[in-house]
file input.cif (mmCIF, C-alpha atoms)
data_final
#
loop_
_atom_site.group_PDB
_atom_site.id
_atom_site.type_symbol
_atom_site.label_atom_id
_atom_site.label_comp_id
_atom_site.auth_asym_id
_atom_site.auth_seq_id
_atom_site.Cartn_x
_atom_site.Cartn_y
_atom_site.Cartn_z
ATOM 1 C CA MET A 168 13.148 -14.453 14.385
ATOM 2 C CA PRO A 169 12.310 -11.153 12.646
ATOM 3 C CA LEU A 170 8.880 -10.116 11.409
ATOM 4 C CA SER A 171 7.820 -11.402 8.018
ATOM 5 C CA ALA A 172 8.315 -9.161 4.990
ATOM 6 C CA PRO A 173 5.591 -6.508 4.522
ATOM 7 C CA ALA A 174 2.672 -7.532 2.311
ATOM 8 C CA CYS A 175 3.109 -4.492 0.028
ATOM 9 C CA PRO A 176 5.486 -1.576 -0.561
ATOM 10 C CA ARG A 177 5.326 1.184 2.068
ATOM 11 C CA GLN A 178 6.816 4.534 2.981
ATOM 12 C CA PRO A 179 8.266 5.386 6.421
ATOM 13 C CA LEU A 180 6.382 8.058 8.385
ATOM 14 C CA HIS A 181 7.308 8.099 12.059
ATOM 15 C CA THR A 182 10.007 6.590 14.286
ATOM 16 C CA ARG A 183 9.804 6.446 18.065
ATOM 17 C CA SER A 184 12.871 5.265 19.928
ATOM 18 C CA ILE A 185 12.818 4.541 23.636
ATOM 19 C CA ARG A 186 16.050 3.640 25.341
ATOM 20 C CA VAL A 187 16.832 2.936 28.976
ATOM 21 C CA GLN A 188 20.314 2.669 30.391
ATOM 22 C CA SER A 189 20.998 1.732 34.002
ATOM 23 C CA TYR A 190 23.969 2.395 36.235
ATOM 24 C CA ALA A 191 25.230 1.147 39.590
ATOM 25 C CA ARG A 192 26.206 4.179 41.638
ATOM 26 C CA ASP A 193 29.148 4.350 44.031
ATOM 27 C CA ASP A 194 26.746 5.224 46.882
ATOM 28 C CA GLY A 195 24.920 1.873 46.628
ATOM 29 C CA LEU A 196 21.932 3.187 44.648
ATOM 30 C CA TRP A 197 21.054 2.729 40.955
ATOM 31 C CA ASP A 198 20.219 5.239 38.217
ATOM 32 C CA LEU A 199 17.922 4.451 35.315
ATOM 33 C CA GLU A 200 18.033 6.936 32.464
ATOM 34 C CA ALA A 201 15.208 6.752 29.949
ATOM 35 C CA GLU A 202 15.098 8.636 26.663
ATOM 36 C CA LEU A 203 12.330 9.070 24.079
ATOM 37 C CA ILE A 204 12.988 10.404 20.572
ATOM 38 C CA ASP A 205 10.305 10.920 17.909
ATOM 39 C CA THR A 206 11.224 11.754 14.315
ATOM 40 C CA LYS A 207 9.213 12.103 11.111
ATOM 41 C CA ALA A 208 10.386 10.898 7.715
ATOM 42 C CA TYR A 209 9.097 14.053 6.024
ATOM 43 C CA ASP A 210 9.265 17.827 6.425
ATOM 44 C CA PHE A 211 6.158 19.465 7.901
ATOM 45 C CA PRO A 212 5.067 22.982 8.866
ATOM 46 C CA MET A 213 5.177 23.919 12.561
ATOM 47 C CA HIS A 214 2.604 26.081 14.354
ATOM 48 C CA ASP A 215 5.100 28.976 14.426
ATOM 49 C CA GLY A 216 5.523 29.009 10.626
ATOM 50 C CA HIS A 217 8.877 27.201 10.535
ATOM 51 C CA VAL A 218 9.341 23.918 8.706
ATOM 52 C CA HIS A 219 10.375 20.964 10.822
ATOM 53 C CA ALA A 220 12.993 18.963 8.907
ATOM 54 C CA ALA A 221 12.608 15.246 8.305
ATOM 55 C CA GLY A 222 14.740 13.221 10.725
ATOM 56 C CA SER A 223 15.057 16.038 13.257
ATOM 57 C CA PRO A 224 13.534 15.130 16.650
ATOM 58 C CA ILE A 225 10.095 16.585 17.270
ATOM 59 C CA HIS A 226 10.142 15.027 20.762
ATOM 60 C CA HIS A 227 13.336 14.316 22.682
ATOM 61 C CA MET A 228 12.797 13.802 26.389
ATOM 62 C CA HIS A 229 14.893 12.349 29.198
ATOM 63 C CA LEU A 230 13.942 10.941 32.574
ATOM 64 C CA ARG A 231 16.408 9.833 35.233
ATOM 65 C CA ILE A 232 15.327 8.070 38.389
ATOM 66 C CA THR A 233 17.468 6.855 41.253
ATOM 67 C CA ILE A 234 16.299 3.738 43.106
ATOM 68 C CA ASP A 235 17.330 1.867 46.219
ATOM 69 C CA ALA A 236 17.599 -1.910 46.708
ATOM 70 C CA GLN A 237 13.843 -2.137 47.374
ATOM 71 C CA PHE A 238 13.043 -0.432 44.013
ATOM 72 C CA THR A 239 11.877 2.788 45.693
ATOM 73 C CA ILE A 240 12.582 6.009 43.809
ATOM 74 C CA THR A 241 14.843 8.299 45.830
ATOM 75 C CA ASP A 242 15.407 10.973 43.176
ATOM 76 C CA ALA A 243 13.922 11.926 39.790
ATOM 77 C CA GLN A 244 14.673 14.431 37.056
ATOM 78 C CA ALA A 245 13.078 15.129 33.667
ATOM 79 C CA ALA A 246 14.692 17.163 30.870
ATOM 80 C CA TYR A 247 13.810 18.196 27.321
ATOM 81 C CA ASP A 248 16.021 18.535 24.251
ATOM 82 C CA ALA A 249 13.111 18.978 21.820
ATOM 83 C CA ALA A 250 9.373 19.539 22.196
ATOM 84 C CA PRO A 251 6.874 20.966 19.720
ATOM 85 C CA TYR A 252 5.830 23.792 22.045
ATOM 86 C CA GLY A 253 9.250 24.475 23.564
ATOM 87 C CA GLU A 254 9.133 25.980 27.043
ATOM 88 C CA PHE A 255 5.393 25.340 27.333
ATOM 89 C CA CYS A 256 6.083 21.612 27.117
ATOM 90 C CA SER A 257 9.232 21.602 29.220
ATOM 91 C CA ALA A 258 7.677 23.668 32.043
ATOM 92 C CA ILE A 259 6.295 20.407 33.510
ATOM 93 C CA ALA A 260 9.767 18.852 33.963
ATOM 94 C CA PRO A 261 10.171 19.804 37.667
ATOM 95 C CA ASP A 262 6.854 18.112 38.510
ATOM 96 C CA TYR A 263 8.402 14.712 37.778
ATOM 97 C CA ARG A 264 10.232 14.971 41.100
ATOM 98 C CA ASP A 265 6.856 13.753 42.415
ATOM 99 C CA LEU A 266 7.985 10.275 41.362
ATOM 100 C CA ILE A 267 10.167 10.275 44.478
ATOM 101 C CA GLY A 268 8.799 7.830 47.034
ATOM 102 C CA LEU A 269 7.004 5.592 44.529
ATOM 103 C CA ASN A 270 8.033 1.951 44.384
ATOM 104 C CA LEU A 271 8.538 0.440 40.924
ATOM 105 C CA LEU A 272 7.106 -2.924 42.026
ATOM 106 C CA ASN A 273 4.064 -1.644 43.953
ATOM 107 C CA GLN A 274 1.335 -0.453 41.554
ATOM 108 C CA PHE A 275 3.802 2.002 40.040
ATOM 109 C CA ARG A 276 1.997 2.546 36.729
ATOM 110 C CA LYS A 277 -1.303 3.142 38.539
ATOM 111 C CA HIS A 278 0.285 5.732 40.832
ATOM 112 C CA VAL A 279 1.929 7.445 37.849
ATOM 113 C CA ARG A 280 -1.438 7.696 36.050
ATOM 114 C CA GLU A 281 -2.972 9.225 39.175
ATOM 115 C CA ARG A 282 -0.174 11.798 39.542
ATOM 116 C CA PHE A 283 0.601 12.619 35.924
ATOM 117 C CA GLY A 284 -2.543 11.807 33.926
ATOM 118 C CA ARG A 285 -3.843 14.192 31.284
ATOM 119 C CA THR A 286 -2.923 17.835 32.014
ATOM 120 C CA ALA A 287 -0.958 16.967 35.181
ATOM 121 C CA GLY A 288 1.946 15.654 33.107
ATOM 122 C CA CYS A 289 3.625 15.301 29.735
ATOM 123 C CA THR A 290 2.363 12.418 27.614
ATOM 124 C CA HIS A 291 5.870 11.569 26.434
ATOM 125 C CA VAL A 292 7.737 11.751 29.744
ATOM 126 C CA THR A 293 4.933 9.796 31.390
ATOM 127 C CA GLU A 294 5.267 7.181 28.644
ATOM 128 C CA LEU A 295 8.916 6.775 29.647
ATOM 129 C CA THR A 296 7.799 5.786 33.149
ATOM 130 C CA ASN A 297 6.020 2.730 31.720
ATOM 131 C CA VAL A 298 9.299 0.980 30.895
ATOM 132 C CA LEU A 299 10.991 1.670 34.226
ATOM 133 C CA PRO A 300 9.708 -1.297 36.295
ATOM 134 C CA THR A 301 10.887 -3.957 33.858
ATOM 135 C CA ALA A 302 14.143 -2.089 33.182
ATOM 136 C CA ALA A 303 14.758 -1.967 36.946
ATOM 137 C CA VAL A 304 14.113 -5.697 37.259
ATOM 138 C CA GLN A 305 16.709 -6.316 34.530
ATOM 139 C CA THR A 306 19.075 -3.912 36.281
ATOM 140 C CA MET A 307 18.832 -5.890 39.515
ATOM 141 C CA ALA A 308 18.918 -9.346 37.889
ATOM 142 C CA GLY A 309 22.703 -9.671 38.171
ATOM 143 C CA ARG A 310 22.656 -8.585 41.805
ATOM 144 C CA ARG A 311 20.036 -11.182 42.636
ATOM 145 C CA ARG A 312 22.019 -13.927 40.889
ATOM 146 C CA GLN A 313 25.175 -12.933 42.762
ATOM 147 C CA ASN A 314 23.436 -12.848 46.154
ATOM 148 C CA PRO A 315 20.952 -15.719 46.287
ATOM 149 C CA ASP A 316 18.869 -15.261 49.401
ATOM 150 C CA GLY A 317 16.691 -18.349 49.214
ATOM 151 C CA GLN A 318 13.550 -16.278 48.641
ATOM 152 C CA ARG A 319 11.176 -16.883 45.760
ATOM 153 C CA PRO A 320 12.470 -15.014 42.692
ATOM 154 C CA PHE A 321 10.401 -11.873 42.138
ATOM 155 C CA GLN A 322 9.940 -12.512 38.413
ATOM 156 C CA LEU A 323 7.927 -15.730 38.858
ATOM 157 C CA ASP A 324 4.334 -15.366 37.636
ATOM 158 C CA GLY A 325 5.360 -12.083 36.010
ATOM 159 C CA CYS A 326 4.819 -13.374 32.460
ATOM 160 C CA HIS A 327 3.478 -16.456 30.666
ATOM 161 C CA ALA A 328 6.915 -18.104 30.346
ATOM 162 C CA LEU A 329 7.601 -17.753 34.070
ATOM 163 C CA ARG A 330 4.280 -19.040 35.390
ATOM 164 C CA VAL A 331 4.921 -21.245 38.412
ATOM 165 C CA ASP A 332 3.152 -24.233 36.834
ATOM 166 C CA GLY A 333 5.096 -24.000 33.563
ATOM 167 C CA PRO A 334 8.065 -25.858 32.092
ATOM 168 C CA VAL A 335 10.563 -22.993 32.524
ATOM 169 C CA VAL A 336 9.938 -22.765 36.264
ATOM 170 C CA ARG A 337 9.986 -26.558 36.575
ATOM 171 C CA LYS A 338 13.413 -26.673 34.880
ATOM 172 C CA HIS A 339 15.141 -23.518 36.148
ATOM 173 C CA TYR A 340 13.319 -22.661 39.400
ATOM 174 C CA ALA A 341 12.370 -26.121 40.658
ATOM 175 C CA PRO A 342 11.900 -25.173 44.346
ATOM 176 C CA TRP A 343 9.072 -22.821 43.332
ATOM 177 C CA TYR A 344 7.442 -25.057 40.745
ATOM 178 C CA VAL A 345 3.762 -25.707 41.508
ATOM 179 C CA PRO A 346 2.179 -28.401 39.304
ATOM 180 C CA SER A 347 -1.139 -27.345 37.852
ATOM 181 C CA ASP A 348 -4.204 -29.191 39.081
ATOM 182 C CA PRO A 349 -5.615 -31.057 36.060
ATOM 183 C CA HIS A 350 -8.995 -31.210 37.834
ATOM 184 C CA HIS A 351 -9.179 -27.478 38.484
ATOM 185 C CA GLU A 352 -10.623 -25.286 35.774
ATOM 186 C CA GLY A 353 -9.907 -21.590 35.739
#
call {"tool": "encode", "arguments": {"input": "input.cif", "output": "structure tokens"}}
result
Amino acid sequence: MPLSAPACPRQPLHTRSIRVQSYARDDGLWDLEAELIDTKAYDFPMHDGHVHAAGSPIHHMHLRITIDAQFTITDAQAAYDAAPYGEFCSAIAPDYRDLIGLNLLNQFRKHVRERFGRTAGCTHVTELTNVLPTAAVQTMAGRRRQNPDGQRPFQLDGCHALRVDGPVVRKHYAPWYVPSDPHHEG
């Protein structure tokens, strides 16, 4: 169901698009490629005196990570197509190789904040890292369905719909359903 109609007329200002595409590699690893594009709906003056045209990307960043079957990053690369301060922004791209060794399912966002917070990173490339854990889970979902291993599915208790005492788990993941204790408050 879409959002309701706006309460009053409005004018577009800013569009941010984030896209992630994943790939199974021939070497048994997986690539996730994330892209962020920011555009404005109006022309505006740049710091260098030029006018930035409406609809032209002000930010356009890419981040590719390679992961193994345990969700550990084995390679990482950042790249820039557009940034407001050109080479001063894109100079940080090589630092994103420091994602290598992090695990997407083990406090990944916390570790990213520690490594790339504030002046140690690029706000926009770092924002792309936020979507990687859930994109990786979706990437691996087909593999896990094809190779059931009898272990508790990793997504249980990952969101309100998949809580182990809820109706979805009771219906679709019955072996891991845990009835809630009506006498326990919490």
call {"tool": "residues_around", "arguments": {"input": "input.cif", "residues": "Gln178 (chain A)", "least_positions_apart": "4", "cutoff": "12 Å", "atoms": "all atoms listed in the file", "output": "mmCIF file with C-alpha atoms, in the coordinates of the input"}}
result
data_model
loop_
_atom_site.group_PDB
_atom_site.id
_atom_site.type_symbol
_atom_site.label_atom_id
_atom_site.label_comp_id
_atom_site.auth_asym_id
_atom_site.auth_seq_id
_atom_site.Cartn_x
_atom_site.Cartn_y
_atom_site.Cartn_z
ATOM 1 C CA PRO A 173 5.591 -6.508 4.522
ATOM 2 C CA THR A 182 10.007 6.590 14.286
ATOM 3 C CA LYS A 207 9.213 12.103 11.111
ATOM 4 C CA ALA A 208 10.386 10.898 7.715
ATOM 5 C CA TYR A 209 9.097 14.053 6.024
#
call {"tool": "residues_around", "arguments": {"input": "input.cif", "residues": "Arg264 (chain A)", "least_positions_apart": "6", "cutoff": "7 Å", "atoms": "only C-alpha atoms", "output": "PyMOL selection string"}}
result
chain A and resi 242-244
call {"tool": "resolve_selection", "arguments": {"input": "input.cif", "expression": "the PyMOL selection byres ((chain A and resi 252) around 12)", "output": "NGL selection string"}}
result
:A and (213-215 or 225-226 or 247-251 or 253-259 or 289)
call {"tool": "write_last_selection", "arguments": {"input": "input.cif", "atoms": "C-alpha atoms", "output": "PDB file, in the frame of the given file"}}
result
ATOM      1  CA  MET A 213       5.177  23.919  12.561  1.00  0.00           C
ATOM      2  CA  HIS A 214       2.604  26.081  14.354  1.00  0.00           C
ATOM      3  CA  ASP A 215       5.100  28.976  14.426  1.00  0.00           C
ATOM      4  CA  ILE A 225      10.095  16.585  17.270  1.00  0.00           C
ATOM      5  CA  HIS A 226      10.142  15.027  20.762  1.00  0.00           C
ATOM      6  CA  TYR A 247      13.810  18.196  27.321  1.00  0.00           C
ATOM      7  CA  ASP A 248      16.021  18.535  24.251  1.00  0.00           C
ATOM      8  CA  ALA A 249      13.111  18.978  21.820  1.00  0.00           C
ATOM      9  CA  ALA A 250       9.373  19.539  22.196  1.00  0.00           C
ATOM     10  CA  PRO A 251       6.874  20.966  19.720  1.00  0.00           C
ATOM     11  CA  GLY A 253       9.250  24.475  23.564  1.00  0.00           C
ATOM     12  CA  GLU A 254       9.133  25.980  27.043  1.00  0.00           C
ATOM     13  CA  PHE A 255       5.393  25.340  27.333  1.00  0.00           C
ATOM     14  CA  CYS A 256       6.083  21.612  27.117  1.00  0.00           C
ATOM     15  CA  SER A 257       9.232  21.602  29.220  1.00  0.00           C
ATOM     16  CA  ALA A 258       7.677  23.668  32.043  1.00  0.00           C
ATOM     17  CA  ILE A 259       6.295  20.407  33.510  1.00  0.00           C
ATOM     18  CA  CYS A 289       3.625  15.301  29.735  1.00  0.00           C
TER      19      CYS A 289
END
call {"tool": "atom_distance", "arguments": {"input": "input.cif", "atom1": "CA of Glu202 (chain A)", "atom2": "CA of Gln322 (chain A)"}}
result
24.7 Å
call {"tool": "resolve_selection", "arguments": {"input": "input.cif", "expression": "the PyMOL selection byres ((chain A and resi 341) around 12)", "output": "list in words"}}
result
Arg319, Pro320, Leu323, Leu329, Arg330, Val331, Asp332, Gly333, Pro334, Val335, Val336, Arg337, Lys338, His339, Tyr340, Pro342, Trp343, Tyr344, Val345 and Pro346 of chain A
call {"tool": "decode", "arguments": {"input": "input.cif", "residues": "region 175-211 of chain A", "atoms": "N, CA and C atoms", "output": "PDB file, in the first residue's frame"}}
result
ATOM      1  N   CYS A 175      -0.902  18.863   1.326  1.00  0.00           N
ATOM      2  CA  CYS A 175      -0.961  20.121   0.591  1.00  0.00           C
ATOM      3  C   CYS A 175       0.015  20.054  -0.581  1.00  0.00           C
ATOM      4  N   PRO A 176      -0.121  20.981  -1.537  1.00  0.00           N
ATOM      5  CA  PRO A 176       0.815  20.980  -2.666  1.00  0.00           C
ATOM      6  C   PRO A 176       2.256  21.161  -2.179  1.00  0.00           C
ATOM      7  N   ARG A 177       3.211  20.632  -2.940  1.00  0.00           N
ATOM      8  CA  ARG A 177       4.620  20.728  -2.536  1.00  0.00           C
ATOM      9  C   ARG A 177       5.513  20.710  -3.767  1.00  0.00           C
ATOM     10  N   GLN A 178       6.736  21.135  -3.578  1.00  0.00           N
ATOM     11  CA  GLN A 178       7.721  21.202  -4.641  1.00  0.00           C
ATOM     12  C   GLN A 178       8.877  20.260  -4.316  1.00  0.00           C
ATOM     13  N   PRO A 179       9.354  19.475  -5.279  1.00  0.00           N
ATOM     14  CA  PRO A 179      10.496  18.589  -5.015  1.00  0.00           C
ATOM     15  C   PRO A 179      11.764  19.405  -4.771  1.00  0.00           C
ATOM     16  N   LEU A 180      12.627  18.910  -3.871  1.00  0.00           N
ATOM     17  CA  LEU A 180      13.886  19.570  -3.569  1.00  0.00           C
ATOM     18  C   LEU A 180      15.091  18.664  -3.774  1.00  0.00           C
ATOM     19  N   HIS A 181      15.029  17.471  -3.183  1.00  0.00           N
ATOM     20  CA  HIS A 181      16.205  16.604  -3.135  1.00  0.00           C
ATOM     21  C   HIS A 181      15.775  15.159  -3.339  1.00  0.00           C
ATOM     22  N   THR A 182      16.575  14.398  -4.069  1.00  0.00           N
ATOM     23  CA  THR A 182      16.332  12.960  -4.242  1.00  0.00           C
ATOM     24  C   THR A 182      17.609  12.217  -3.904  1.00  0.00           C
ATOM     25  N   ARG A 183      17.512  11.258  -3.012  1.00  0.00           N
ATOM     26  CA  ARG A 183      18.623  10.359  -2.717  1.00  0.00           C
ATOM     27  C   ARG A 183      18.196   8.967  -3.129  1.00  0.00           C
ATOM     28  N   SER A 184      19.000   8.345  -3.962  1.00  0.00           N
ATOM     29  CA  SER A 184      18.757   6.970  -4.381  1.00  0.00           C
ATOM     30  C   SER A 184      19.904   6.113  -3.881  1.00  0.00           C
ATOM     31  N   ILE A 185      19.561   5.015  -3.241  1.00  0.00           N
ATOM     32  CA  ILE A 185      20.549   4.031  -2.820  1.00  0.00           C
ATOM     33  C   ILE A 185      20.131   2.703  -3.421  1.00  0.00           C
ATOM     34  N   ARG A 186      21.074   2.088  -4.103  1.00  0.00           N
ATOM     35  CA  ARG A 186      20.793   0.825  -4.776  1.00  0.00           C
ATOM     36  C   ARG A 186      21.906  -0.151  -4.437  1.00  0.00           C
ATOM     37  N   VAL A 187      21.531  -1.397  -4.204  1.00  0.00           N
ATOM     38  CA  VAL A 187      22.517  -2.448  -3.981  1.00  0.00           C
ATOM     39  C   VAL A 187      22.192  -3.592  -4.921  1.00  0.00           C
ATOM     40  N   GLN A 188      23.208  -4.070  -5.599  1.00  0.00           N
ATOM     41  CA  GLN A 188      23.056  -5.228  -6.467  1.00  0.00           C
ATOM     42  C   GLN A 188      24.087  -6.257  -6.027  1.00  0.00           C
ATOM     43  N   SER A 189      23.669  -7.514  -5.963  1.00  0.00           N
ATOM     44  CA  SER A 189      24.589  -8.564  -5.516  1.00  0.00           C
ATOM     45  C   SER A 189      24.808  -9.581  -6.632  1.00  0.00           C
ATOM     46  N   TYR A 190      25.974 -10.226  -6.542  1.00  0.00           N
ATOM     47  CA  TYR A 190      26.387 -11.165  -7.580  1.00  0.00           C
ATOM     48  C   TYR A 190      27.041 -12.385  -6.939  1.00  0.00           C
ATOM     49  N   ALA A 191      26.753 -13.558  -7.472  1.00  0.00           N
ATOM     50  CA  ALA A 191      27.494 -14.767  -7.122  1.00  0.00           C
ATOM     51  C   ALA A 191      28.684 -14.820  -8.059  1.00  0.00           C
ATOM     52  N   ARG A 192      29.864 -14.958  -7.486  1.00  0.00           N
ATOM     53  CA  ARG A 192      31.090 -15.007  -8.280  1.00  0.00           C
ATOM     54  C   ARG A 192      31.454 -16.445  -8.617  1.00  0.00           C
ATOM     55  N   ASP A 193      32.182 -16.633  -9.681  1.00  0.00           N
ATOM     56  CA  ASP A 193      32.610 -17.973 -10.099  1.00  0.00           C
ATOM     57  C   ASP A 193      33.593 -18.605  -9.127  1.00  0.00           C
ATOM     58  N   ASP A 194      34.223 -17.798  -8.257  1.00  0.00           N
ATOM     59  CA  ASP A 194      35.196 -18.335  -7.298  1.00  0.00           C
ATOM     60  C   ASP A 194      34.560 -18.731  -5.964  1.00  0.00           C
ATOM     61  N   GLY A 195      33.213 -18.695  -5.892  1.00  0.00           N
ATOM     62  CA  GLY A 195      32.525 -19.105  -4.671  1.00  0.00           C
ATOM     63  C   GLY A 195      32.275 -17.979  -3.676  1.00  0.00           C
ATOM     64  N   LEU A 196      32.669 -16.771  -4.005  1.00  0.00           N
ATOM     65  CA  LEU A 196      32.416 -15.601  -3.161  1.00  0.00           C
ATOM     66  C   LEU A 196      31.256 -14.807  -3.743  1.00  0.00           C
ATOM     67  N   TRP A 197      30.864 -13.720  -3.072  1.00  0.00           N
ATOM     68  CA  TRP A 197      29.761 -12.871  -3.506  1.00  0.00           C
ATOM     69  C   TRP A 197      30.205 -11.419  -3.490  1.00  0.00           C
ATOM     70  N   ASP A 198      29.779 -10.660  -4.496  1.00  0.00           N
ATOM     71  CA  ASP A 198      30.002  -9.217  -4.545  1.00  0.00           C
ATOM     72  C   ASP A 198      28.689  -8.508  -4.261  1.00  0.00           C
ATOM     73  N   LEU A 199      28.768  -7.464  -3.462  1.00  0.00           N
ATOM     74  CA  LEU A 199      27.655  -6.539  -3.262  1.00  0.00           C
ATOM     75  C   LEU A 199      28.137  -5.178  -3.717  1.00  0.00           C
ATOM     76  N   GLU A 200      27.415  -4.586  -4.652  1.00  0.00           N
ATOM     77  CA  GLU A 200      27.765  -3.270  -5.162  1.00  0.00           C
ATOM     78  C   GLU A 200      26.675  -2.288  -4.770  1.00  0.00           C
ATOM     79  N   ALA A 201      27.082  -1.298  -3.977  1.00  0.00           N
ATOM     80  CA  ALA A 201      26.152  -0.283  -3.483  1.00  0.00           C
ATOM     81  C   ALA A 201      26.456   1.042  -4.170  1.00  0.00           C
ATOM     82  N   GLU A 202      25.399   1.794  -4.438  1.00  0.00           N
ATOM     83  CA  GLU A 202      25.531   3.068  -5.140  1.00  0.00           C
ATOM     84  C   GLU A 202      24.620   4.094  -4.485  1.00  0.00           C
ATOM     85  N   LEU A 203      25.133   5.301  -4.290  1.00  0.00           N
ATOM     86  CA  LEU A 203      24.351   6.410  -3.738  1.00  0.00           C
ATOM     87  C   LEU A 203      24.398   7.550  -4.740  1.00  0.00           C
ATOM     88  N   ILE A 204      23.225   8.097  -5.067  1.00  0.00           N
ATOM     89  CA  ILE A 204      23.131   9.252  -5.964  1.00  0.00           C
ATOM     90  C   ILE A 204      22.214  10.283  -5.308  1.00  0.00           C
ATOM     91  N   ASP A 205      22.741  11.513  -5.170  1.00  0.00           N
ATOM     92  CA  ASP A 205      21.959  12.652  -4.692  1.00  0.00           C
ATOM     93  C   ASP A 205      21.789  13.648  -5.836  1.00  0.00           C
ATOM     94  N   THR A 206      20.557  14.103  -6.038  1.00  0.00           N
ATOM     95  CA  THR A 206      20.288  15.159  -7.011  1.00  0.00           C
ATOM     96  C   THR A 206      19.403  16.216  -6.360  1.00  0.00           C
ATOM     97  N   LYS A 207      19.478  17.419  -6.876  1.00  0.00           N
ATOM     98  CA  LYS A 207      18.615  18.525  -6.460  1.00  0.00           C
ATOM     99  C   LYS A 207      17.655  18.837  -7.596  1.00  0.00           C
ATOM    100  N   ALA A 208      16.497  19.341  -7.262  1.00  0.00           N
ATOM    101  CA  ALA A 208      15.482  19.670  -8.259  1.00  0.00           C
ATOM    102  C   ALA A 208      15.613  21.110  -8.749  1.00  0.00           C
ATOM    103  N   TYR A 209      16.706  21.765  -8.400  1.00  0.00           N
ATOM    104  CA  TYR A 209      16.905  23.164  -8.752  1.00  0.00           C
ATOM    105  C   TYR A 209      18.390  23.404  -9.020  1.00  0.00           C
ATOM    106  N   ASP A 210      18.685  24.428  -9.806  1.00  0.00           N
ATOM    107  CA  ASP A 210      20.067  24.851 -10.012  1.00  0.00           C
ATOM    108  C   ASP A 210      20.551  25.554  -8.744  1.00  0.00           C
ATOM    109  N   PHE A 211      21.849  25.454  -8.454  1.00  0.00           N
ATOM    110  CA  PHE A 211      22.402  26.191  -7.316  1.00  0.00           C
ATOM    111  C   PHE A 211      23.876  26.492  -7.566  1.00  0.00           C
TER     112      PHE A 211
END
